[in-house]
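Worksheet: one structure, shown below.
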Amino acid sequence: MKIAQVLTSSGWGGTETVFILLVNELSRKHDVTVITYDNPAILKELSPNVKPIIIPETSRKNLWGYWLLYRIFVKESFDIVHTHGAKASTMVYWLSRILPICQIATKHNSRKGSIFNKISNTTAVSRTVARSIKNETMVIHNGINVISREIEDQRHDPFRIMAIGRLDPIKGFDLLIEQVAKLDIPFQLDIVGDGPEKNKLLQKIDHLGLAGQVFFKGYQNNIPERMGQVDLIVISSRSEGFSMVAVESLFYGKVLLSTHIGISQDLLDDSLLVGHENLAVKIKEIALNYEKFRNCFKATQKKYQREFSIEHVTTVYEELFKRSVPHG
């Protein structure tokens with residue numbers, strides 16, 4: 001198939017990461033073109049098999065942007081145009097009113113995107129996101145490239161906790177820091193990531209007297225290894241459509257504890273889902289009953305690992321694309 005993958009993004013994060021994994025895997029068997037902005041973070045990660053077409057950053061109301069996309073679609077005659085996010089999906093949807101475009105649109109979060117209620121073929125990265133679309137939609141989870149790695153069962157003393165993500169208010173690291181300050185067991189919390197909230201979070205750590213227990217590790221590219229070195233991974237997000245941390249934990253973590261967000265609600269036993277106000281209580285409970293919670297999460301890992309490999313996810317998309325292409 002001749003497939004266009006469209007993402008209008010000038011940043012780098014979870015959506016961009018899974019986008020790259022999907023297009024590169026699809027390019028092993030198909031003719032794949034990526035239509036995106038001049039974003040070095042994305043372009044440098046593309047497989048040599050993928051053809052990039054760079055478009056200028058314009059608003060979704062800018063007619064020049066629509067004209068440029070129109071010319072691309074007329075010239076290339078794609079079998080499938082797969083759009084990611086609200087902006088790309090909006091622009092391609094309106095062009096599909098005047099061009100024979102077979103569009104599949106993927107929604108990556110539940111916060112915005114009324115355009116997905118207009119598009120007939122939509123997918124969502126979790127059941128939570130799917131519920132934000134009025135029409136029937138197909139849930140296709142994001143996948144990762146899996147690295148084979150052994151996981152030990154023993155816990156450390158002090159109890160080792162890790163949280164991963166961009167230092168942004170939506171990730172709830174401020175709430176997590178406030179909660180671990182209430183713990184009366186020996187612990188160490190490592191926060192892996194960088195972002196605009198770092199100084200505020202450092203001030204909170206200092207104010208709560210946690211300088212010797214909570215540490216910022218900055219951006220790291222060896223997440224699988226780091227996950228295996230801690231006892232508990234915590235997702236404290238206020239909102240999230242999909243969490244790569246949750247998926248990576250399925251392959252590399254010992255125990256995952258999460259707030260009621262996105263994919264975590266699809267995966268985790270109720271005993272590993274928690275409200276922000278009860279994080280400290282639950283962390284202590286896990287530390288004191290570690291074997292029980294380790295075995296609980298092992299069962300989750302065994303149940304879901306196959307579903308989240310990029311090879312499996314790509315196969316699901318291929319089947320959807322084949323069903324969606326007009327015949328005759």
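Following the order of the structure tokens, first chain is A, next is B, and so on, with residues numbered from 1 inside each chain and ligands from 1 in the order they appear.
On the backbone of this structure, DSSP gives strand (DSSP E or B) within range 201-323 of chain A to Val214, Phe215, Phe216, Lys217, Gly218, Leu232, Ile233, Val234, Ile235, Leu256, Leu257, Ser258, Leu273 and Ser309 of chain A.
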Give me, as a list in words, all polymer residues having an atom no more than 12 Å from Asp153 in chain A, counting only C-alpha atoms and skipping those fewer than 6 positions away in the same chain.
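In the requested form, the answer reads Gly228, Gln229, Val230, Asp231, Leu232, Tyr252, Gly253, Lys254, Val255, Tyr290, Glu291, Lys292, Phe293, Arg294, Asn295, Phe297 and Lys298 of chain A.
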Given the choices A:Glu45, A:Glu16, A:Asp190, A:Asp79, which gets closest to Met1 in chain A if the distance is worked out from only C-alpha atoms?
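For Met1 in chain A, the nearest of the given residues is A:Asp79.
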Selection: 10 Å around Ser120 in chain A, only C-alpha atoms, excl. self and same-chain fewer than 3 positions, as a PyMOL selection string:
chain A and resi 93+103-105+116-117+123+135-137
Could you take the residues named above and write them with C-alpha atoms, as a PDB file, in the first residue's frame?
```
ATOM      1  CA  TYR A  93     -10.831  15.941   6.711  1.00  0.00           C
ATOM      2  CA  GLN A 103      -8.572   8.924   5.871  1.00  0.00           C
ATOM      3  CA  ILE A 104      -7.881   7.121   9.128  1.00  0.00           C
ATOM      4  CA  ALA A 105      -7.575   9.529  12.079  1.00  0.00           C
ATOM      5  CA  PHE A 116     -12.950  13.243  15.403  1.00  0.00           C
ATOM      6  CA  ASN A 117     -16.739  13.249  15.752  1.00  0.00           C
ATOM      7  CA  THR A 123      -8.900   5.065  16.177  1.00  0.00           C
ATOM      8  CA  ASN A 135     -19.006   7.895  17.122  1.00  0.00           C
ATOM      9  CA  GLU A 136     -17.893   4.289  17.309  1.00  0.00           C
ATOM     10  CA  THR A 137     -14.114   4.123  17.228  1.00  0.00           C
TER      11      THR A 137
END
```
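CA of Ala211 in chain A lies 12.2 Å from CA of Phe187 in chain A.
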